[in-house]
$ cat data06.tsv   # TSV, C-alpha atoms
chain	number	residue	atom	x	y	z
A	15	MET	CA	151.52	245.38	164.87
A	16	THR	CA	150.17	242.07	163.59
A	17	SER	CA	147.64	243.09	160.97
A	18	LEU	CA	147.48	246.15	158.76
A	19	GLU	CA	144.61	247.50	156.72
A	20	GLY	CA	144.54	250.44	154.39
A	21	GLY	CA	143.64	251.86	151.04
A	22	CYS	CA	143.29	254.98	148.99
A	23	LEU	CA	141.55	258.30	149.63
A	24	CYS	CA	138.54	257.50	147.42
A	25	ARG	CA	138.29	253.97	148.91
A	26	ALA	CA	138.36	252.32	145.46
A	27	ILE	CA	141.38	250.25	146.56
A	28	ARG	CA	141.65	248.40	149.86
A	29	TYR	CA	144.32	246.03	151.16
A	30	GLU	CA	145.27	243.91	154.15
A	31	ALA	CA	148.70	242.74	155.32
A	32	ALA	CA	149.16	239.97	157.89
A	33	GLY	CA	152.10	239.62	160.23
A	34	GLU	CA	154.85	241.85	161.48
A	35	PRO	CA	156.67	244.27	159.16
A	36	ILE	CA	160.30	243.49	158.35
A	37	ALA	CA	161.27	247.15	158.79
A	38	ALA	CA	159.88	250.67	158.89
A	39	VAL	CA	161.93	253.32	157.10
A	40	ALA	CA	161.94	256.87	155.83
A	41	CYS	CA	163.37	256.95	152.29
A	42	HIS	CA	164.85	260.29	151.19
A	43	CYS	CA	165.75	259.31	147.60
A	44	ARG	CA	164.85	261.81	144.91
A	45	ASP	CA	162.16	259.53	143.43
A	46	CYS	CA	160.41	259.32	146.80
A	47	GLN	CA	160.59	263.11	147.10
A	48	TYR	CA	158.72	263.42	143.81
A	49	LEU	CA	156.10	260.93	144.98
A	50	SER	CA	155.62	262.41	148.44
A	51	GLY	CA	155.44	265.99	147.25
A	52	GLY	CA	158.75	267.01	148.82
A	53	GLY	CA	159.94	265.04	151.84
A	54	PRO	CA	160.75	261.40	152.35
A	55	THR	CA	158.44	258.47	151.81
A	56	PHE	CA	157.51	256.59	154.97
A	57	VAL	CA	157.32	252.87	154.25
A	58	LEU	CA	156.64	249.60	156.04
A	59	LEU	CA	158.55	246.76	154.39
A	60	VAL	CA	156.56	243.52	154.51
A	61	PRO	CA	156.72	240.11	152.84
A	62	ARG	CA	154.93	240.34	149.48
A	63	ALA	CA	153.00	237.16	150.30
A	64	SER	CA	151.44	238.86	153.35
A	65	VAL	CA	149.64	241.55	151.30
A	66	THR	CA	146.22	241.00	149.77
A	67	VAL	CA	144.42	243.64	147.72
A	68	THR	CA	140.79	243.17	148.78
A	69	ALA	CA	139.14	245.78	146.54
A	70	GLY	CA	140.12	247.48	143.30
A	71	THR	CA	143.26	247.22	141.19
A	72	PRO	CA	146.18	249.62	141.66
A	73	SER	CA	147.82	251.30	138.68
A	74	THR	CA	151.60	250.95	138.42
A	75	TYR	CA	154.40	253.19	137.21
A	76	TRP	CA	157.78	251.51	136.54
A	77	SER	CA	161.13	253.32	136.60
A	78	ARG	CA	164.79	252.77	137.50
A	79	SER	CA	165.99	253.53	141.02
A	80	GLY	CA	169.14	255.49	141.87
A	81	ALA	CA	170.76	252.09	142.51
A	82	GLY	CA	169.76	250.95	139.00
A	83	SER	CA	167.07	248.37	139.80
A	84	ARG	CA	163.61	248.37	138.28
A	85	VAL	CA	161.05	249.85	140.71
A	86	GLY	CA	157.27	249.66	140.57
A	87	ARG	CA	155.15	252.22	142.33
A	88	HIS	CA	151.51	251.25	142.83
A	89	PHE	CA	148.82	253.89	143.29
A	90	CYS	CA	145.11	254.49	142.86
A	91	GLY	CA	144.40	255.49	139.27
A	92	GLN	CA	141.31	257.42	140.38
A	93	CYS	CA	142.53	259.57	143.29
A	94	GLY	CA	146.32	259.17	142.95
A	95	THR	CA	147.01	257.85	146.47
A	96	PRO	CA	150.42	256.12	146.61
A	97	LEU	CA	149.95	252.61	148.07
A	98	PHE	CA	152.93	250.28	147.53
A	99	GLY	CA	156.42	250.16	146.13
A	100	GLU	CA	158.45	247.21	144.93
A	101	SER	CA	161.98	246.66	143.68
A	102	ALA	CA	163.12	243.96	141.25
A	103	ALA	CA	166.21	243.69	143.46
A	104	PHE	CA	164.03	242.43	146.35
A	105	PRO	CA	161.03	240.67	144.73
A	106	GLU	CA	159.90	239.01	147.96
A	107	ILE	CA	159.35	242.37	149.71
A	108	ILE	CA	156.79	245.11	149.14
A	109	GLY	CA	156.72	248.54	150.76
A	110	ILE	CA	153.41	249.80	152.11
A	111	ARG	CA	153.17	253.58	152.18
A	112	ALA	CA	152.44	254.60	155.77
A	113	GLY	CA	149.99	257.30	154.68
A	114	SER	CA	147.75	254.68	153.10
A	115	LEU	CA	147.24	252.83	156.40
A	116	ASP	CA	143.86	253.15	158.08
A	117	ASP	CA	145.81	253.98	161.25
A	118	PRO	CA	149.10	255.61	160.22
A	119	SER	CA	149.84	256.48	163.86
A	120	ARG	CA	151.01	252.86	164.24
A	121	PHE	CA	154.00	253.62	161.98
A	122	ARG	CA	157.33	254.28	163.71
A	123	PRO	CA	160.37	254.72	161.46
A	124	GLY	CA	163.35	252.64	162.48
A	125	ALA	CA	165.89	254.15	160.07
A	126	HIS	CA	166.49	256.76	157.39
A	127	MET	CA	167.81	255.69	153.99
A	128	TRP	CA	169.14	257.61	151.01
A	129	VAL	CA	170.01	260.52	153.30
A	130	SER	CA	172.57	261.53	150.65
A	131	SER	CA	169.55	262.86	148.71
A	132	ALA	CA	167.67	264.35	151.68
A	133	GLN	CA	166.64	267.97	151.39
A	134	PRO	CA	168.39	270.28	153.87
A	135	TRP	CA	165.05	271.64	155.09
A	136	HIS	CA	163.77	268.21	156.17
A	137	GLY	CA	164.77	267.24	159.71
A	138	ILE	CA	166.15	263.74	160.26
A	139	ASP	CA	165.84	262.16	163.70
A	140	PRO	CA	169.46	261.92	164.96
A	141	ALA	CA	168.51	259.01	167.25
A	142	LEU	CA	167.76	256.72	164.30
A	143	PRO	CA	170.24	254.88	162.06
A	144	ARG	CA	171.05	256.64	158.78
A	145	PHE	CA	172.22	255.17	155.51
A	146	GLU	CA	173.71	257.25	152.69
A	147	LYS	CA	171.92	254.96	150.20
A	148	ASN	CA	170.39	251.50	150.71
A	149	PRO	CA	171.05	249.73	154.02
A	150	PRO	CA	173.62	246.93	153.80
$ encode --input "data06.tsv" --output "structure tokens"
Amino acid sequence: MTSLEGGCLCRAIRYEAAGEPIAAVACHCRDCQYLSGGGPTFVLLVPRASVTVTAGTPSTYWSRSGAGSRVGRHFCGQCGTPLFGESAAFPEIIGIRAGSLDDPSRFRPGAHMWVSSAQPWHGIDPALPRFEKNPP
């Protein structure tokens, strides 16, 4: 995976990301459950500098994470599609929501995080690393 393109459902927002992702994770924290509609959020972590919004301007909602850091969640203000997430604890990294990719089949999770908050009805791949909260 060397280049990623994606955007929102209504196509008002488009983005590109160059280079290889740092990691691909499934986050089971309670905030991500709210944002996904129930299960985990599937995210590609990439260097912030590699992402360019090529059309539109995402809206942002800021909150505090379970770990206490300030978190921004970027989405389309017209159709509501979740696009990116960022944490003040890791300002050089941005998380691209896998569902916003033009080709989400390219996403392969490499780990599960915040499994301490995972819902019992959501299966977690036992072959992948698991972290109770954030990875070390």
$ atom_distance --input "data06.tsv" --atom1 "CA of Pro35 (chain A)" --atom2 "CA of Gly70 (chain A)"
23.1 Å
$ residues_around --input "data06.tsv" --residues "region 135-139 of chain A" --least-positions-apart "5" --cutoff "10 Å" --atoms "all atoms listed in the file" --output "JSON, numbers by chain"
{"A": [40, 42, 52, 53, 54, 123, 124, 125, 126, 129, 144]}
$ closest_residue --input "data06.tsv" --among "A:Cys22, A:Leu49, A:Cys41, A:Ala31" --to "Arg87 (chain A)" --atoms "only C-alpha atoms"
A:Leu49
$ closest_residue --input "data06.tsv" --among "A:Ala37, A:Ser79, A:Cys90, A:Arg122" --to "Ala102 (chain A)" --atoms "all atoms listed in the file"
A:Ser79
$ residues_around --input "data06.tsv" --residues "Ser101 (chain A)" --least-positions-apart "5" --cutoff "8 Å" --atoms "only C-alpha atoms" --output "ChimeraX atom specification"
/A:83-86,107-108
$ closest_residue --input "data06.tsv" --among "A:Pro134, A:Thr55, A:Ala69, A:Asn148" --to "Gly82 (chain A)" --atoms "only C-alpha atoms"
A:Asn148
$ decode --input "data06.tsv" --residues "region 18-30 of chain A" --atoms "all heavy atoms" --output "PDB file, in the first residue's frame"
ATOM      1  N   LEU A  18      -3.008   6.110  -0.804  1.00  0.00           N
ATOM      2  CA  LEU A  18      -4.399   5.892  -0.405  1.00  0.00           C
ATOM      3  C   LEU A  18      -5.236   7.074  -0.872  1.00  0.00           C
ATOM      4  O   LEU A  18      -4.782   8.220  -0.800  1.00  0.00           O
ATOM      5  CB  LEU A  18      -4.512   5.785   1.114  1.00  0.00           C
ATOM      6  CG  LEU A  18      -3.709   4.688   1.791  1.00  0.00           C
ATOM      7  CD1 LEU A  18      -3.709   4.901   3.293  1.00  0.00           C
ATOM      8  CD2 LEU A  18      -4.287   3.340   1.437  1.00  0.00           C
ATOM      9  N   GLU A  19      -6.440   6.795  -1.314  1.00  0.00           N
ATOM     10  CA  GLU A  19      -7.382   7.843  -1.648  1.00  0.00           C
ATOM     11  C   GLU A  19      -8.711   7.489  -1.008  1.00  0.00           C
ATOM     12  O   GLU A  19      -9.041   6.321  -0.845  1.00  0.00           O
ATOM     13  CB  GLU A  19      -7.555   7.961  -3.159  1.00  0.00           C
ATOM     14  CG  GLU A  19      -6.319   8.448  -3.869  1.00  0.00           C
ATOM     15  CD  GLU A  19      -6.534   8.613  -5.361  1.00  0.00           C
ATOM     16  OE1 GLU A  19      -7.682   8.451  -5.838  1.00  0.00           O
ATOM     17  OE2 GLU A  19      -5.546   8.902  -6.042  1.00  0.00           O
ATOM     18  N   GLY A  20      -9.463   8.521  -0.664  1.00  0.00           N
ATOM     19  CA  GLY A  20     -10.754   8.273  -0.062  1.00  0.00           C
ATOM     20  C   GLY A  20     -11.541   9.552   0.090  1.00  0.00           C
ATOM     21  O   GLY A  20     -11.160  10.609  -0.401  1.00  0.00           O
ATOM     22  N   GLY A  21     -12.652   9.417   0.801  1.00  0.00           N
ATOM     23  CA  GLY A  21     -13.510  10.560   1.027  1.00  0.00           C
ATOM     24  C   GLY A  21     -14.809  10.128   1.676  1.00  0.00           C
ATOM     25  O   GLY A  21     -14.934   9.016   2.183  1.00  0.00           O
ATOM     26  N   CYS A  22     -15.768  11.019   1.612  1.00  0.00           N
ATOM     27  CA  CYS A  22     -17.045  10.776   2.277  1.00  0.00           C
ATOM     28  C   CYS A  22     -18.089  10.237   1.303  1.00  0.00           C
ATOM     29  O   CYS A  22     -17.888  10.229   0.090  1.00  0.00           O
ATOM     30  CB  CYS A  22     -17.529  12.059   2.922  1.00  0.00           C
ATOM     31  SG  CYS A  22     -17.911  13.373   1.744  1.00  0.00           S
ATOM     32  N   LEU A  23     -19.198   9.811   1.842  1.00  0.00           N
ATOM     33  CA  LEU A  23     -20.295   9.228   1.075  1.00  0.00           C
ATOM     34  C   LEU A  23     -20.833  10.188   0.017  1.00  0.00           C
ATOM     35  O   LEU A  23     -21.093   9.794  -1.118  1.00  0.00           O
ATOM     36  CB  LEU A  23     -21.414   8.796   2.028  1.00  0.00           C
ATOM     37  CG  LEU A  23     -22.672   8.207   1.418  1.00  0.00           C
ATOM     38  CD1 LEU A  23     -22.351   6.912   0.669  1.00  0.00           C
ATOM     39  CD2 LEU A  23     -23.694   7.948   2.512  1.00  0.00           C
ATOM     40  N   CYS A  24     -20.994  11.455   0.358  1.00  0.00           N
ATOM     41  CA  CYS A  24     -21.566  12.421  -0.589  1.00  0.00           C
ATOM     42  C   CYS A  24     -20.517  13.023  -1.520  1.00  0.00           C
ATOM     43  O   CYS A  24     -20.852  13.819  -2.394  1.00  0.00           O
ATOM     44  CB  CYS A  24     -22.337  13.513   0.149  1.00  0.00           C
ATOM     45  SG  CYS A  24     -21.316  14.704   1.050  1.00  0.00           S
ATOM     46  N   ARG A  25     -19.254  12.635  -1.332  1.00  0.00           N
ATOM     47  CA  ARG A  25     -18.121  13.059  -2.163  1.00  0.00           C
ATOM     48  C   ARG A  25     -17.774  14.540  -2.017  1.00  0.00           C
ATOM     49  O   ARG A  25     -17.041  15.089  -2.834  1.00  0.00           O
ATOM     50  CB  ARG A  25     -18.328  12.662  -3.615  1.00  0.00           C
ATOM     51  CG  ARG A  25     -18.501  11.149  -3.747  1.00  0.00           C
ATOM     52  CD  ARG A  25     -18.318  10.563  -5.098  1.00  0.00           C
ATOM     53  NE  ARG A  25     -17.072  10.769  -5.780  1.00  0.00           N
ATOM     54  CZ  ARG A  25     -15.949  10.080  -5.610  1.00  0.00           C
ATOM     55  NH1 ARG A  25     -15.899   9.142  -4.703  1.00  0.00           N
ATOM     56  NH2 ARG A  25     -14.896  10.330  -6.345  1.00  0.00           N
ATOM     57  N   ALA A  26     -18.293  15.208  -0.987  1.00  0.00           N
ATOM     58  CA  ALA A  26     -17.938  16.607  -0.745  1.00  0.00           C
ATOM     59  C   ALA A  26     -16.504  16.731  -0.243  1.00  0.00           C
ATOM     60  O   ALA A  26     -15.858  17.755  -0.465  1.00  0.00           O
ATOM     61  CB  ALA A  26     -18.899  17.230   0.267  1.00  0.00           C
ATOM     62  N   ILE A  27     -16.002  15.696   0.425  1.00  0.00           N
ATOM     63  CA  ILE A  27     -14.629  15.709   0.948  1.00  0.00           C
ATOM     64  C   ILE A  27     -13.859  14.566   0.325  1.00  0.00           C
ATOM     65  O   ILE A  27     -14.333  13.430   0.275  1.00  0.00           O
ATOM     66  CB  ILE A  27     -14.614  15.596   2.482  1.00  0.00           C
ATOM     67  CG1 ILE A  27     -15.369  16.780   3.091  1.00  0.00           C
ATOM     68  CG2 ILE A  27     -13.176  15.529   3.004  1.00  0.00           C
ATOM     69  CD1 ILE A  27     -15.542  16.721   4.566  1.00  0.00           C
ATOM     70  N   ARG A  28     -12.663  14.874  -0.146  1.00  0.00           N
ATOM     71  CA  ARG A  28     -11.757  13.897  -0.735  1.00  0.00           C
ATOM     72  C   ARG A  28     -10.382  14.104  -0.121  1.00  0.00           C
ATOM     73  O   ARG A  28     -10.018  15.216   0.265  1.00  0.00           O
ATOM     74  CB  ARG A  28     -11.655  14.073  -2.254  1.00  0.00           C
ATOM     75  CG  ARG A  28     -12.951  13.896  -2.997  1.00  0.00           C
ATOM     76  CD  ARG A  28     -13.437  12.470  -3.069  1.00  0.00           C
ATOM     77  NE  ARG A  28     -12.420  11.621  -3.676  1.00  0.00           N
ATOM     78  CZ  ARG A  28     -12.280  10.312  -3.435  1.00  0.00           C
ATOM     79  NH1 ARG A  28     -13.097   9.698  -2.607  1.00  0.00           N
ATOM     80  NH2 ARG A  28     -11.340   9.612  -4.012  1.00  0.00           N
ATOM     81  N   TYR A  29      -9.613  13.021  -0.016  1.00  0.00           N
ATOM     82  CA  TYR A  29      -8.253  13.112   0.507  1.00  0.00           C
ATOM     83  C   TYR A  29      -7.348  12.115  -0.184  1.00  0.00           C
ATOM     84  O   TYR A  29      -7.796  11.169  -0.823  1.00  0.00           O
ATOM     85  CB  TYR A  29      -8.226  12.882   2.028  1.00  0.00           C
ATOM     86  CG  TYR A  29      -8.621  11.476   2.437  1.00  0.00           C
ATOM     87  CD1 TYR A  29      -7.704  10.420   2.399  1.00  0.00           C
ATOM     88  CD2 TYR A  29      -9.920  11.197   2.839  1.00  0.00           C
ATOM     89  CE1 TYR A  29      -8.080   9.133   2.756  1.00  0.00           C
ATOM     90  CE2 TYR A  29     -10.298   9.920   3.193  1.00  0.00           C
ATOM     91  CZ  TYR A  29      -9.374   8.892   3.146  1.00  0.00           C
ATOM     92  OH  TYR A  29      -9.738   7.615   3.495  1.00  0.00           O
ATOM     93  N   GLU A  30      -6.048  12.342  -0.022  1.00  0.00           N
ATOM     94  CA  GLU A  30      -5.004  11.438  -0.494  1.00  0.00           C
ATOM     95  C   GLU A  30      -3.989  11.299   0.628  1.00  0.00           C
ATOM     96  O   GLU A  30      -3.758  12.241   1.388  1.00  0.00           O
ATOM     97  CB  GLU A  30      -4.290  12.004  -1.723  1.00  0.00           C
ATOM     98  CG  GLU A  30      -5.165  12.155  -2.926  1.00  0.00           C
ATOM     99  CD  GLU A  30      -4.455  12.844  -4.093  1.00  0.00           C
ATOM    100  OE1 GLU A  30      -3.326  13.368  -3.892  1.00  0.00           O
ATOM    101  OE2 GLU A  30      -5.032  12.879  -5.186  1.00  0.00           O
TER     102      GLU A  30
END
